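Next comes query16.txt, a file with compact mmCIF, C-alpha atoms.
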# COMPACT_ATOMS: atom_id res chain seq x y z
CA MET A 1 20.41 26.76 36.97
CA ALA A 2 16.90 25.45 36.59
CA LEU A 3 14.09 27.78 37.53
CA ALA A 4 12.39 26.86 40.81
CA LEU A 5 8.71 27.40 40.13
CA PRO A 6 6.69 28.68 43.08
CA LEU A 7 4.27 26.17 44.51
CA ALA A 8 1.39 26.59 46.89
CA PRO A 9 2.30 25.65 50.46
CA GLY A 10 2.33 21.87 50.86
CA VAL A 11 2.34 21.14 47.10
CA ALA A 12 5.22 18.81 46.42
CA GLY A 13 5.11 18.80 42.64
CA ALA A 14 3.02 19.04 39.49
CA GLN A 15 -0.45 17.61 39.84
CA ALA A 16 -3.40 17.29 37.52
CA VAL A 17 -5.51 20.45 37.47
CA ASP A 18 -9.25 20.16 36.90
CA ALA A 19 -10.53 22.45 34.17
CA VAL A 20 -13.41 23.51 36.40
CA PRO A 21 -13.39 23.14 40.19
CA VAL A 22 -16.09 20.91 41.66
CA THR A 23 -18.96 23.18 42.54
CA THR A 24 -21.82 21.63 44.53
CA ALA A 25 -22.90 24.39 46.88
CA SER A 26 -26.57 23.92 46.03
CA SER A 27 -28.82 21.06 47.07
CA ILE A 28 -30.89 19.09 44.60
CA GLY A 29 -33.84 21.24 43.57
CA GLY A 30 -32.75 24.09 45.82
CA PRO A 31 -31.62 27.67 45.15
CA ILE A 32 -28.55 27.91 42.91
CA THR A 33 -26.34 30.79 41.83
CA ARG A 34 -25.61 31.64 38.23
CA THR A 35 -21.94 30.99 38.90
CA GLU A 36 -22.72 27.42 39.96
CA VAL A 37 -25.09 26.86 37.01
CA LEU A 38 -22.32 27.75 34.56
CA ALA A 39 -19.73 25.73 36.50
CA ARG A 40 -21.97 22.65 36.32
CA ALA A 41 -22.68 23.23 32.64
CA THR A 42 -19.00 23.71 31.90
CA ASP A 43 -18.12 20.45 33.66
CA TRP A 44 -20.23 18.42 31.24
CA TYR A 45 -18.89 20.45 28.32
CA ASN A 46 -15.32 19.67 29.37
CA ARG A 47 -16.28 15.96 29.49
CA ARG A 48 -18.02 16.11 26.10
CA ASN A 49 -15.68 13.60 24.43
CA ASN A 50 -15.98 10.96 27.16
CA SER A 51 -17.72 7.69 26.33
CA ASP A 52 -20.51 8.42 28.82
CA MET A 53 -21.33 11.78 27.21
CA THR A 54 -22.89 10.68 23.90
CA TYR A 55 -26.27 12.25 23.14
CA SER A 56 -29.17 10.14 24.36
CA GLN A 57 -32.79 10.74 25.29
CA VAL A 58 -32.66 7.69 27.56
CA SER A 59 -29.18 7.26 29.06
CA LYS A 60 -28.00 9.34 32.00
CA THR A 61 -24.67 10.57 33.41
CA TRP A 62 -23.59 11.84 36.83
CA ASP A 63 -23.31 15.55 37.49
CA VAL A 64 -20.07 17.16 38.71
CA GLY A 65 -20.61 16.31 42.38
CA ARG A 66 -22.13 12.86 41.70
CA THR A 67 -25.27 14.00 43.48
CA ARG A 68 -27.62 12.82 40.74
CA GLN A 69 -27.67 11.42 37.21
CA TYR A 70 -29.25 13.41 34.38
CA ARG A 71 -30.42 12.58 30.88
CA ARG A 72 -27.92 13.39 28.12
CA ASP A 73 -30.12 15.50 25.87
CA CYS A 74 -30.95 19.19 25.60
CA SER A 75 -33.48 19.39 28.45
CA GLY A 76 -31.54 16.94 30.60
CA TYR A 77 -28.48 19.16 30.23
CA VAL A 78 -30.43 22.21 31.42
CA GLY A 79 -31.90 20.23 34.31
CA MET A 80 -28.38 19.12 35.28
CA ALA A 81 -27.03 22.69 35.14
CA TRP A 82 -29.92 23.90 37.33
CA HIS A 83 -29.44 20.90 39.70
CA LEU A 84 -33.10 19.91 39.39
CA GLY A 85 -34.60 17.03 41.34
CA SER A 86 -36.91 16.12 38.44
CA ASP A 87 -36.35 15.32 34.78
CA PRO A 88 -38.60 17.60 32.73
CA ASN A 89 -38.49 17.44 28.95
CA THR A 90 -38.37 20.56 26.84
CA ASP A 91 -42.08 21.09 27.24
CA GLY A 92 -41.79 20.62 31.00
CA LEU A 93 -39.11 23.31 31.25
CA ASP A 94 -41.81 25.79 30.24
CA ASP A 95 -43.89 24.98 33.33
CA PRO A 96 -44.82 28.25 35.15
CA GLY A 97 -44.06 26.51 38.42
CA LEU A 98 -40.46 26.00 37.32
CA THR A 99 -39.65 28.97 35.11
CA VAL A 100 -40.82 32.49 34.38
CA SER A 101 -40.89 34.17 30.99
CA ILE A 102 -38.50 37.11 30.47
CA ALA A 103 -37.61 39.42 27.59
CA ARG A 104 -34.64 38.39 25.51
CA SER A 105 -32.84 41.58 26.52
CA GLU A 106 -33.11 40.43 30.16
CA LEU A 107 -31.23 37.18 29.57
CA ARG A 108 -28.39 36.52 31.98
CA PRO A 109 -25.90 33.63 32.30
CA GLY A 110 -27.71 30.41 33.21
CA ASP A 111 -31.08 31.41 31.73
CA LEU A 112 -32.84 29.31 29.11
CA LEU A 113 -33.80 29.71 25.46
CA ASN A 114 -36.56 27.17 24.89
CA ASP A 115 -38.16 26.08 21.61
CA ARG A 116 -41.38 24.11 22.09
CA VAL A 117 -43.01 25.10 18.81
CA ASN A 118 -44.00 22.18 16.59
CA ASP A 119 -44.81 23.55 13.15
CA ASP A 120 -47.34 21.95 10.82
CA GLY A 121 -44.77 19.86 9.02
CA GLY A 122 -43.23 18.54 12.19
CA ARG A 123 -39.82 19.59 10.90
CA TYR A 124 -38.62 21.18 14.13
CA PRO A 125 -38.62 19.02 17.25
CA TYR A 126 -38.33 20.85 20.51
CA HIS A 127 -34.96 22.14 21.70
CA ALA A 128 -33.49 23.87 24.75
CA ILE A 129 -30.21 25.80 24.90
CA LEU A 130 -28.51 27.25 27.98
CA PHE A 131 -27.66 30.95 27.69
CA GLY A 132 -24.01 31.60 28.57
CA GLY A 133 -23.75 35.36 28.40
CA TRP A 134 -23.62 38.46 26.26
CA GLU A 135 -20.48 39.03 24.21
CA ASN A 136 -20.88 42.79 23.80
CA SER A 137 -22.42 45.64 25.77
CA ALA A 138 -25.03 46.28 23.06
CA LYS A 139 -26.47 42.80 23.68
CA THR A 140 -26.48 41.93 20.01
CA ARG A 141 -24.21 38.89 20.30
CA PHE A 142 -24.09 36.06 22.83
CA TRP A 143 -22.85 32.53 23.47
CA TYR A 144 -24.65 29.40 24.62
CA TYR A 145 -24.38 25.66 25.29
CA SER A 146 -26.40 23.19 23.20
CA PHE A 147 -26.69 19.44 23.72
CA GLY A 148 -28.49 18.49 20.53
CA SER A 149 -25.94 16.04 19.18
CA THR A 150 -22.57 14.49 20.02
CA PRO A 151 -20.45 16.17 21.21
CA LEU A 152 -22.14 18.79 23.36
CA ASP A 153 -21.54 22.17 21.70
CA LYS A 154 -20.52 25.64 22.85
CA VAL A 155 -21.64 28.25 20.31
CA THR A 156 -20.12 31.73 20.29
CA GLY A 157 -20.95 34.76 18.18
CA ALA A 158 -24.69 33.97 18.11
CA SER A 159 -27.27 36.63 17.35
CA PHE A 160 -31.04 36.87 17.42
CA SER A 161 -30.83 38.26 13.89
CA GLN A 162 -29.85 34.78 12.69
CA SER A 163 -32.56 32.68 11.10
CA THR A 164 -31.71 29.65 13.23
CA LEU A 165 -29.96 28.79 16.50
CA SER A 166 -28.65 25.21 16.63
CA GLY A 167 -30.78 24.35 13.63
CA HIS A 168 -34.06 25.63 15.09
CA PRO A 169 -35.85 28.81 13.99
CA THR A 170 -34.68 31.70 16.14
CA SER A 171 -38.22 33.05 16.29
CA HIS A 172 -39.36 29.87 18.09
CA TYR A 173 -37.24 30.40 21.18
CA ARG A 174 -38.71 31.83 24.38
CA ALA A 175 -36.46 33.30 27.06
CA LEU A 176 -37.10 31.64 30.43
CA ARG A 177 -35.61 32.01 33.90
CA TYR A 178 -35.41 29.28 36.53
CA ARG A 179 -37.43 30.36 39.56
CA ASN A 180 -34.77 29.09 41.98
CA ILE A 181 -31.93 31.06 40.43
CA VAL A 182 -30.03 33.21 42.92
CA GLU A 183 -29.12 36.63 41.60
CA GLU A 184 -25.59 37.63 42.50
CA ILE A 185 -23.84 40.97 42.45
CA ASP A 186 -22.14 41.03 39.09
CA LEU A 187 -18.62 39.72 39.57
CA GLU A 188 -15.87 42.19 38.86
CA ARG A 189 -14.28 41.50 35.51
CA VAL A 190 -10.53 41.73 35.69
CA SER A 191 -9.07 41.07 32.22
CA ASP A 192 -12.36 39.55 30.97
CA PHE A 193 -12.21 41.45 27.69
CA SER A 194 -14.75 39.21 25.94
CA GLY A 195 -17.29 39.37 28.78
CA ASP A 196 -17.88 35.60 28.80
CA GLY A 197 -16.98 35.15 32.47
CA HIS A 198 -13.47 33.80 31.81
CA SER A 199 -10.57 36.22 32.03
CA ASP A 200 -8.50 36.69 28.91
CA VAL A 201 -4.91 37.92 28.77
CA LEU A 202 -3.83 41.30 27.42
CA GLY A 203 -0.25 42.33 26.92
CA VAL A 204 1.82 45.29 25.76
CA THR A 205 4.72 44.17 23.58
CA ALA A 206 8.21 45.68 23.53
CA ASP A 207 7.23 47.82 20.52
CA GLY A 208 4.08 49.15 22.26
CA LYS A 209 1.37 47.02 20.65
CA LEU A 210 -1.61 46.15 22.87
CA LEU A 211 -2.61 42.55 22.15
CA TYR A 212 -5.70 40.64 23.28
CA TYR A 213 -5.38 36.85 23.73
CA PRO A 214 -8.83 35.21 24.11
CA ASN A 215 -9.24 32.54 26.78
CA ASN A 216 -10.30 29.45 24.84
CA ASN A 217 -11.20 26.73 27.34
CA LEU A 218 -8.19 27.46 29.60
CA ALA A 219 -5.85 27.98 26.65
CA LEU A 220 -4.99 31.18 24.79
CA SER A 221 -6.07 31.72 21.20
CA SER A 222 -4.05 33.70 18.69
CA PRO A 223 -3.81 37.39 19.62
CA ARG A 224 -5.66 40.32 18.13
CA GLU A 225 -4.08 43.78 18.10
CA ILE A 226 -6.38 46.30 19.80
CA GLY A 227 -4.02 49.24 20.12
CA HIS A 228 -0.54 50.64 19.58
CA GLY A 229 1.63 53.28 21.21
CA TRP A 230 1.26 51.75 24.67
CA GLY A 231 5.00 51.37 25.24
CA THR A 232 5.29 54.69 27.08
CA PHE A 233 2.54 53.91 29.61
CA LYS A 234 3.76 53.46 33.18
CA HIS A 235 0.84 51.27 34.27
CA VAL A 236 -1.79 49.40 32.22
CA MET A 237 -4.81 47.58 33.67
CA ALA A 238 -7.80 45.64 32.34
CA ALA A 239 -11.00 45.73 34.40
CA ASP A 240 -14.70 46.42 33.97
CA PHE A 241 -14.78 50.15 34.76
CA SER A 242 -18.12 50.67 33.00
CA GLY A 243 -19.90 47.78 34.74
CA ASP A 244 -21.24 46.30 31.50
CA GLY A 245 -19.68 42.86 32.02
CA ALA A 246 -16.61 43.22 29.78
CA ALA A 247 -13.21 44.56 30.79
CA ASP A 248 -12.11 48.00 29.69
CA VAL A 249 -8.50 49.22 29.69
CA LEU A 250 -7.03 51.88 31.95
CA GLY A 251 -3.56 53.31 31.65
CA VAL A 252 -1.24 55.82 33.32
CA THR A 253 0.66 57.84 30.73
CA ALA A 254 4.24 59.08 31.01
CA ASP A 255 3.00 62.42 32.37
CA GLY A 256 0.86 60.75 35.06
CA THR A 257 -2.57 61.08 33.41
CA LEU A 258 -4.98 58.23 34.19
CA LEU A 259 -6.99 57.34 31.08
CA TYR A 260 -10.01 55.09 30.68
CA TYR A 261 -10.51 53.33 27.31
CA PRO A 262 -14.01 51.80 27.01
CA ASN A 263 -14.32 48.31 25.54
CA ASN A 264 -16.38 48.77 22.41
CA ASP A 265 -17.16 45.37 20.91
CA TYR A 266 -13.58 44.00 21.13
CA ALA A 267 -12.07 47.38 20.27
CA LEU A 268 -11.14 50.37 22.40
CA SER A 269 -13.02 53.65 22.13
CA SER A 270 -11.30 57.01 22.50
CA PRO A 271 -9.99 57.57 26.03
CA ARG A 272 -11.45 59.69 28.79
CA GLU A 273 -9.21 61.29 31.41
CA ILE A 274 -10.26 60.22 34.90
CA GLY A 275 -7.28 61.44 36.92
CA HIS A 276 -3.84 63.05 36.97
CA GLY A 277 -0.78 62.92 39.18
CA TRP A 278 -0.56 59.13 38.99
CA GLY A 279 3.03 59.11 37.70
CA THR A 280 4.52 58.77 41.19
CA PHE A 281 2.46 55.72 42.15
CA LYS A 282 4.49 52.50 42.50
CA HIS A 283 1.53 50.22 41.75
CA VAL A 284 -1.88 50.95 40.21
CA MET A 285 -4.73 48.42 40.03
CA ALA A 286 -8.32 48.39 38.80
CA ALA A 287 -10.85 46.04 40.37
CA ASP A 288 -14.29 46.11 41.97
CA PHE A 289 -13.31 46.77 45.59
CA SER A 290 -16.80 48.00 46.53
CA GLY A 291 -18.63 45.03 45.02
CA ASP A 292 -21.11 47.17 43.06
CA GLY A 293 -20.25 45.69 39.66
CA ALA A 294 -17.94 48.45 38.37
CA ALA A 295 -14.18 48.52 38.86
CA ASP A 296 -12.61 50.99 41.25
CA VAL A 297 -8.95 52.05 41.24
CA LEU A 298 -6.37 51.26 43.90
CA GLY A 299 -2.84 52.60 44.08
CA VAL A 300 0.32 52.41 46.15
CA THR A 301 1.87 55.85 46.59
CA ALA A 302 5.58 56.66 46.72
CA ASP A 303 5.52 56.46 50.52
CA GLY A 304 3.86 53.02 50.51
CA THR A 305 0.28 54.07 51.33
CA LEU A 306 -2.42 51.90 49.73
CA LEU A 307 -5.32 54.06 48.55
CA TYR A 308 -8.80 53.09 47.31
CA TYR A 309 -10.54 55.42 44.82
CA PRO A 310 -14.24 54.55 44.43
CA ASN A 311 -15.71 54.53 40.92
CA ASN A 312 -18.43 57.16 40.99
CA ASP A 313 -20.27 57.02 37.65
CA TYR A 314 -17.12 56.94 35.46
CA ALA A 315 -15.24 59.32 37.76
CA LEU A 316 -13.08 58.67 40.81
CA SER A 317 -14.14 59.89 44.24
CA SER A 318 -11.67 61.07 46.87
CA PRO A 319 -9.41 58.27 48.09
CA ARG A 320 -9.58 56.30 51.31
CA GLU A 321 -6.43 54.87 52.89
CA ILE A 322 -6.75 51.10 53.34
CA GLY A 323 -3.15 50.20 54.17
CA HIS A 324 0.44 51.34 54.58
CA GLY A 325 3.88 49.76 54.21
CA TRP A 326 3.19 48.58 50.68
CA GLY A 327 6.22 50.33 49.17
CA THR A 328 8.47 47.28 49.45
CA PHE A 329 6.07 44.93 47.63
CA LYS A 330 7.33 43.73 44.22
CA HIS A 331 3.84 43.12 42.82
CA VAL A 332 0.40 44.20 44.06
CA MET A 333 -2.90 43.01 42.58
CA ALA A 334 -6.58 43.52 43.29
CA ALA A 335 -9.17 40.88 42.35
CA ASP A 336 -11.90 38.78 43.95
CA PHE A 337 -9.89 35.88 45.40
CA SER A 338 -12.61 34.89 47.90
CA GLY A 339 -15.45 34.86 45.35
CA ASP A 340 -17.78 37.05 47.40
CA GLY A 341 -18.17 39.71 44.70
CA ALA A 342 -15.71 42.30 46.08
CA ALA A 343 -12.05 42.51 45.18
CA ASP A 344 -9.39 41.48 47.67
CA VAL A 345 -5.71 42.47 47.51
CA LEU A 346 -2.78 40.16 46.80
CA GLY A 347 0.87 41.09 47.02
CA VAL A 348 4.34 39.66 46.51
CA THR A 349 6.72 40.76 49.25
CA ALA A 350 10.41 41.55 48.85
CA ASP A 351 11.31 37.97 49.84
CA GLY A 352 8.91 36.46 47.27
CA THR A 353 6.04 35.52 49.58
CA LEU A 354 2.58 35.74 47.99
CA LEU A 355 0.05 37.12 50.48
CA TYR A 356 -3.75 37.34 50.27
CA TYR A 357 -5.49 40.20 52.14
CA PRO A 358 -9.28 39.61 52.36
CA ASN A 359 -11.57 42.57 51.71
CA ASN A 360 -13.45 43.07 54.96
CA ASN A 361 -16.10 45.74 54.37
CA TYR A 362 -13.77 48.26 52.68
CA ALA A 363 -10.84 47.31 54.91
CA LEU A 364 -8.18 44.61 54.62
CA SER A 365 -8.03 41.74 57.07
CA SER A 366 -4.75 40.18 58.20
CA PRO A 367 -2.94 38.43 55.37
CA ARG A 368 -2.70 34.73 54.62
CA GLU A 369 0.34 33.26 52.86
CA ILE A 370 -0.72 31.41 49.69
CA GLY A 371 2.66 30.90 48.03
CA HIS A 372 6.38 31.48 48.08
CA GLY A 373 9.16 31.80 45.50
CA TRP A 374 7.36 34.52 43.53
CA GLY A 375 10.26 36.99 43.67
CA THR A 376 11.73 35.81 40.37
CA PHE A 377 8.52 36.46 38.42
CA SER A 378 8.68 39.52 36.17
CA GLN A 379 4.90 39.98 36.25
CA VAL A 380 2.10 38.60 38.42
CA MET A 381 -1.61 39.02 37.72
CA ALA A 382 -4.81 38.00 39.48
CA SER A 383 -7.93 37.28 37.42
CA ASP A 384 -10.68 34.68 37.10
CA PHE A 385 -9.11 32.58 34.35
CA SER A 386 -11.23 29.51 35.14
CA GLY A 387 -14.52 31.44 35.16
CA ASP A 388 -15.71 29.93 38.45
CA GLY A 389 -16.08 33.24 40.28
CA HIS A 390 -12.83 32.97 42.23
CA THR A 391 -9.69 34.77 41.12
CA ASP A 392 -6.75 32.67 40.00
CA VAL A 393 -3.14 33.83 39.75
CA LEU A 394 -1.07 34.07 36.57
CA GLY A 395 2.60 34.86 36.40
CA VAL A 396 5.42 35.37 33.90
CA ALA A 397 8.37 33.30 35.08
CA ALA A 398 12.03 34.25 34.64
CA ASP A 399 12.24 32.15 31.47
CA GLY A 400 9.21 33.88 29.91
CA LYS A 401 6.68 31.13 30.50
CA LEU A 402 3.15 32.27 31.31
CA LEU A 403 1.82 30.08 34.13
CA TYR A 404 -1.73 29.70 35.44
CA TYR A 405 -2.26 28.77 39.10
CA PRO A 406 -5.89 27.75 39.78
CA ASN A 407 -7.58 29.01 42.93
CA ASN A 408 -8.47 25.86 44.84
CA ASN A 409 -10.56 26.83 47.86
CA LEU A 410 -8.40 29.86 48.73
CA ALA A 411 -5.18 27.99 47.98
CA LEU A 412 -3.25 27.69 44.72
CA SER A 413 -2.99 24.42 42.84
CA SER A 414 0.10 23.47 40.85
CA PRO A 415 0.62 25.60 37.74
CA ARG A 416 -0.21 24.93 34.12
CA GLU A 417 1.82 26.53 31.33
CA ILE A 418 -0.44 28.52 28.99
CA GLY A 419 2.19 30.41 26.99
CA HIS A 420 5.85 31.18 26.47
CA GLY A 421 7.86 34.12 25.18
CA TRP A 422 6.17 36.57 27.56
CA GLY A 423 9.42 37.81 29.09
CA THR A 424 9.70 40.70 26.63
CA PHE A 425 6.23 42.10 27.35
CA LYS A 426 6.21 45.45 29.12
CA HIS A 427 2.81 44.89 30.70
CA VAL A 428 0.70 41.75 31.10
CA MET A 429 -2.80 41.82 32.54
With the file now loaded, output its structure as structure tokens.
Amino acid sequence: MALALPLAPGVAGAQAVDAVPVTTASSIGGPITRTEVLARATDWYNRRNNSDMTYSQVSKTWDVGRTRQYRRDCSGYVGMAWHLGSDPNTDGLDDPGLTVSIARSELRPGDLLNDRVNDDGGRYPYHAILFGGWENSAKTRFWYYSFGSTPLDKVTGASFSQSTLSGHPTSHYRALRYRNIVEEIDLERVSDFSGDGHSDVLGVTADGKLLYYPNNNLALSSPREIGHGWGTFKHVMAADFSGDGAADVLGVTADGTLLYYPNNDYALSSPREIGHGWGTFKHVMAADFSGDGAADVLGVTADGTLLYYPNNDYALSSPREIGHGWGTFKHVMAADFSGDGAADVLGVTADGTLLYYPNNNYALSSPREIGHGWGTFSQVMASDFSGDGHTDVLGVAADGKLLYYPNNNLALSSPREIGHGWGTFKHVM
């Protein structure tokens, strides 16, 4: 019998799924969040091979919300991402009325690296690149967007120790911050092992290997082994317990010990015990329930009580009960479905209904149904796969397909297959 894939309520069949949801919360020239800056930048990047996206210092193209057209060059790209009402060139981006100088170590997603140095030979025309984020906690490696040619480029693995960035001397770049940027509470990173703002996928194979599959523009790259001997763990989670912007790994061993493995530059450091007696818990989750930037731990006890354990400087404080009757749920997840910076709770009931419980100031509001037919899934995860600040849902279907359901304004769009052969994995996160 063919597998009936769960659809969001009212979705009749497969539909096209946008790579990045339309994000136009800001007004032209007004305050804008870092999340929206990157969403706008990513939209043009995803359209980089379109005919209207060739590099030009004259021609313009509409932004994601068709609110304004922007020049298709390096400074025009930055102006588009910031939703500016003017069209400054690279020199104009260094206007103190528009930007403020910061140290390179202070760079955050959506900031600017600006080269307006013209050496004596005139060999280096000006250039602007949009900072995407740090790739490790030591802040020695980062990624960025650069529109200096066709197509627009996304550069990963960059370092200030390099002699050049996008063909321009690294020493020429100044770090600048848009004065209208809105600082957000750091979003909780569930499964974002790389720290680039897009959740990756980690899985424990049948033979106990822990594999990391990077999220490569809404597809999964080839896996990297980051551990072994995980087959005996009862629960395994990926979330940013340290608060450095990249997911760590937590696991409950066979004897009920809760261990925290720090993410150390795409590898796991030696574990630290942060709890014991977790062997009787039916579900264990790690996510930023408090909204302070570091993941907390939530668990469903044997009697169905849902407990929240605050993260208190790499240790867990005494629990608070936030629900009961969770013992019959097949899957329980914690992640920021609403996009407000604090994790919500999602659960699959015994009859396969997918429910979303909003986080309401450390309590859970009444649930909303966001799907049905999830009872046949062997594993269900919630993480920000799209990188837009709102948690999506991923699930391993009965036939082993890994499906990605985008969060579309607190509803789920039709799924996209992003892998197969996942039915044998013991844990997927």
What gap, in Å, lies between atom CA of A:Thr301 and atom CA of A:Trp278?
-> 8.6 Å
Closest atom pairs, stretch 356-395 of chain A residues within 12 Å of stretch 213-224 of chain A, only C-alpha atoms, as a Markdown table:
| residue | atom | partner | partner_atom | distance |
| --- | --- | --- | --- | --- |
| A:Ser383 | CA | A:Asn215 | CA | 11.7 |
| A:Asp384 | CA | A:Asn215 | CA | 10.6 |
| A:Phe385 | CA | A:Leu218 | CA | 7.0 |
| A:Ser386 | CA | A:Leu218 | CA | 6.6 |
| A:Gly387 | CA | A:Leu218 | CA | 9.3 |
| A:Asp388 | CA | A:Leu218 | CA | 11.9 |
| A:Asp392 | CA | A:Leu218 | CA | 11.7 |
| A:Leu394 | CA | A:Leu218 | CA | 12.0 |
Generate a file of the selected residues that holds C-alpha atoms, formatted as a compact mmCIF listing (two decimals), keeping the file's coordinate frame.
# COMPACT_ATOMS: atom_id res chain seq x y z
CA SER A 383 -7.93 37.28 37.42
CA ASP A 384 -10.68 34.68 37.10
CA PHE A 385 -9.11 32.58 34.35
CA SER A 386 -11.23 29.51 35.14
CA GLY A 387 -14.52 31.44 35.16
CA ASP A 388 -15.71 29.93 38.45
CA ASP A 392 -6.75 32.67 40.00
CA LEU A 394 -1.07 34.07 36.57
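In this model, the gap between atom CA of A:Gly423 and atom CA of A:Arg189 comes to 24.8 Å.
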May I ask for the distance between atom CA of A:Ala397 and atom CA of A:Gly352, given in Å to one decimal place?
->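 If I compute the distance from atom CA of A:Ala397 to atom CA of A:Gly352, I get 12.6 Å.
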Leaving out A:Thr140 and any residue of its chain fewer than 2 positions from it, which residues lie within 12 Å of it when counting all atoms listed in the file, given as number ranges by chain?
-> A: 104-105, 107, 133-138, 142-143, 157-162, 265
Can you work out which one of A:Phe281, A:Trp82, A:Trp230, A:Tyr266 has the shortest atom-to-atom distance to A:Ile32, counting only C-alpha atoms?
-> A:Trp82
Could you pull the residues within 12 Å of A:Tyr362, counting all atoms listed in the file, minus those fewer than 5 positions along the same chain, as a ChimeraX atom specification?
-> /A:288-291,296,298,307-310,319-323,342-345,357
Output the selection as a PDB file, keeping the file's coordinate frame - C-alpha atoms for each residue.
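part_34.pdb written:
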ATOM      1  CA  ASP A 288     -14.290  46.110  41.970  1.00  0.00           C
ATOM      2  CA  PHE A 289     -13.310  46.770  45.590  1.00  0.00           C
ATOM      3  CA  SER A 290     -16.800  48.000  46.530  1.00  0.00           C
ATOM      4  CA  GLY A 291     -18.630  45.030  45.020  1.00  0.00           C
ATOM      5  CA  ASP A 296     -12.610  50.990  41.250  1.00  0.00           C
ATOM      6  CA  LEU A 298      -6.370  51.260  43.900  1.00  0.00           C
ATOM      7  CA  LEU A 307      -5.320  54.060  48.550  1.00  0.00           C
ATOM      8  CA  TYR A 308      -8.800  53.090  47.310  1.00  0.00           C
ATOM      9  CA  TYR A 309     -10.540  55.420  44.820  1.00  0.00           C
ATOM     10  CA  PRO A 310     -14.240  54.550  44.430  1.00  0.00           C
ATOM     11  CA  PRO A 319      -9.410  58.270  48.090  1.00  0.00           C
ATOM     12  CA  ARG A 320      -9.580  56.300  51.310  1.00  0.00           C
ATOM     13  CA  GLU A 321      -6.430  54.870  52.890  1.00  0.00           C
ATOM     14  CA  ILE A 322      -6.750  51.100  53.340  1.00  0.00           C
ATOM     15  CA  GLY A 323      -3.150  50.200  54.170  1.00  0.00           C
ATOM     16  CA  ALA A 342     -15.710  42.300  46.080  1.00  0.00           C
ATOM     17  CA  ALA A 343     -12.050  42.510  45.180  1.00  0.00           C
ATOM     18  CA  ASP A 344      -9.390  41.480  47.670  1.00  0.00           C
ATOM     19  CA  VAL A 345      -5.710  42.470  47.510  1.00  0.00           C
ATOM     20  CA  TYR A 357      -5.490  40.200  52.140  1.00  0.00           C
TER      21      TYR A 357
END
Residues within 12 Å of stretch 365-376 of chain A, all atoms listed in the file, excluding chain neighbours under 5 positions, as a short mmCIF file (atom, residue, chain, number, x, y, z; two decimals) with C-alpha atoms, in the frame of the given file:
data_model
loop_
_atom_site.label_atom_id
_atom_site.label_comp_id
_atom_site.auth_asym_id
_atom_site.auth_seq_id
_atom_site.Cartn_x
_atom_site.Cartn_y
_atom_site.Cartn_z
CA LEU A 3 14.09 27.78 37.53
CA ALA A 4 12.39 26.86 40.81
CA LEU A 5 8.71 27.40 40.13
CA PRO A 6 6.69 28.68 43.08
CA LEU A 7 4.27 26.17 44.51
CA ALA A 8 1.39 26.59 46.89
CA PRO A 9 2.30 25.65 50.46
CA GLY A 10 2.33 21.87 50.86
CA VAL A 11 2.34 21.14 47.10
CA ILE A 322 -6.75 51.10 53.34
CA GLY A 323 -3.15 50.20 54.17
CA THR A 328 8.47 47.28 49.45
CA PHE A 329 6.07 44.93 47.63
CA LYS A 330 7.33 43.73 44.22
CA HIS A 331 3.84 43.12 42.82
CA VAL A 332 0.40 44.20 44.06
CA PHE A 337 -9.89 35.88 45.40
CA SER A 338 -12.61 34.89 47.90
CA ASP A 344 -9.39 41.48 47.67
CA VAL A 345 -5.71 42.47 47.51
CA LEU A 346 -2.78 40.16 46.80
CA GLY A 347 0.87 41.09 47.02
CA VAL A 348 4.34 39.66 46.51
CA THR A 349 6.72 40.76 49.25
CA ALA A 350 10.41 41.55 48.85
CA ASP A 351 11.31 37.97 49.84
CA GLY A 352 8.91 36.46 47.27
CA THR A 353 6.04 35.52 49.58
CA LEU A 354 2.58 35.74 47.99
CA LEU A 355 0.05 37.12 50.48
CA TYR A 356 -3.75 37.34 50.27
CA TYR A 357 -5.49 40.20 52.14
CA PRO A 358 -9.28 39.61 52.36
CA ASN A 359 -11.57 42.57 51.71
CA ASN A 360 -13.45 43.07 54.96
CA MET A 381 -1.61 39.02 37.72
CA ASP A 392 -6.75 32.67 40.00
CA VAL A 393 -3.14 33.83 39.75
CA LEU A 394 -1.07 34.07 36.57
CA GLY A 395 2.60 34.86 36.40
CA VAL A 396 5.42 35.37 33.90
CA ALA A 397 8.37 33.30 35.08
CA ALA A 398 12.03 34.25 34.64
CA ASP A 399 12.24 32.15 31.47
CA GLY A 400 9.21 33.88 29.91
CA LEU A 403 1.82 30.08 34.13
CA TYR A 405 -2.26 28.77 39.10
CA PRO A 406 -5.89 27.75 39.78
CA ASN A 407 -7.58 29.01 42.93
CA ASN A 408 -8.47 25.86 44.84
CA ASN A 409 -10.56 26.83 47.86
CA LEU A 410 -8.40 29.86 48.73
CA ALA A 411 -5.18 27.99 47.98
CA LEU A 412 -3.25 27.69 44.72
CA SER A 413 -2.99 24.42 42.84
CA SER A 414 0.10 23.47 40.85
CA PRO A 415 0.62 25.60 37.74
CA GLY A 423 9.42 37.81 29.09
#
With only C-alpha atoms as the basis for distance, which of A:Thr232, A:Thr156, A:Ser26, A:Asn361 is at the shortest distance from A:Ile181?
->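 Closest to A:Ile181 of all the choices is A:Ser26.
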Of the candidates A:Ala39, A:Leu130, A:Val100, A:Ala286, which shows the shortest atom-to-atom distance to A:Gly76, using all atoms listed in the file?
->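 Answer, going by the shortest atom-to-atom distance: A:Leu130.
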Restricting the calculation to all atoms listed in the file, which member of A:Ala25, A:Ala302, A:Ile274, A:Val204 is positioned closest to A:Met237?
->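 Going through A:Ala25, A:Ala302, A:Ile274, A:Val204 one by one, the smallest distance to A:Met237 is for A:Val204.
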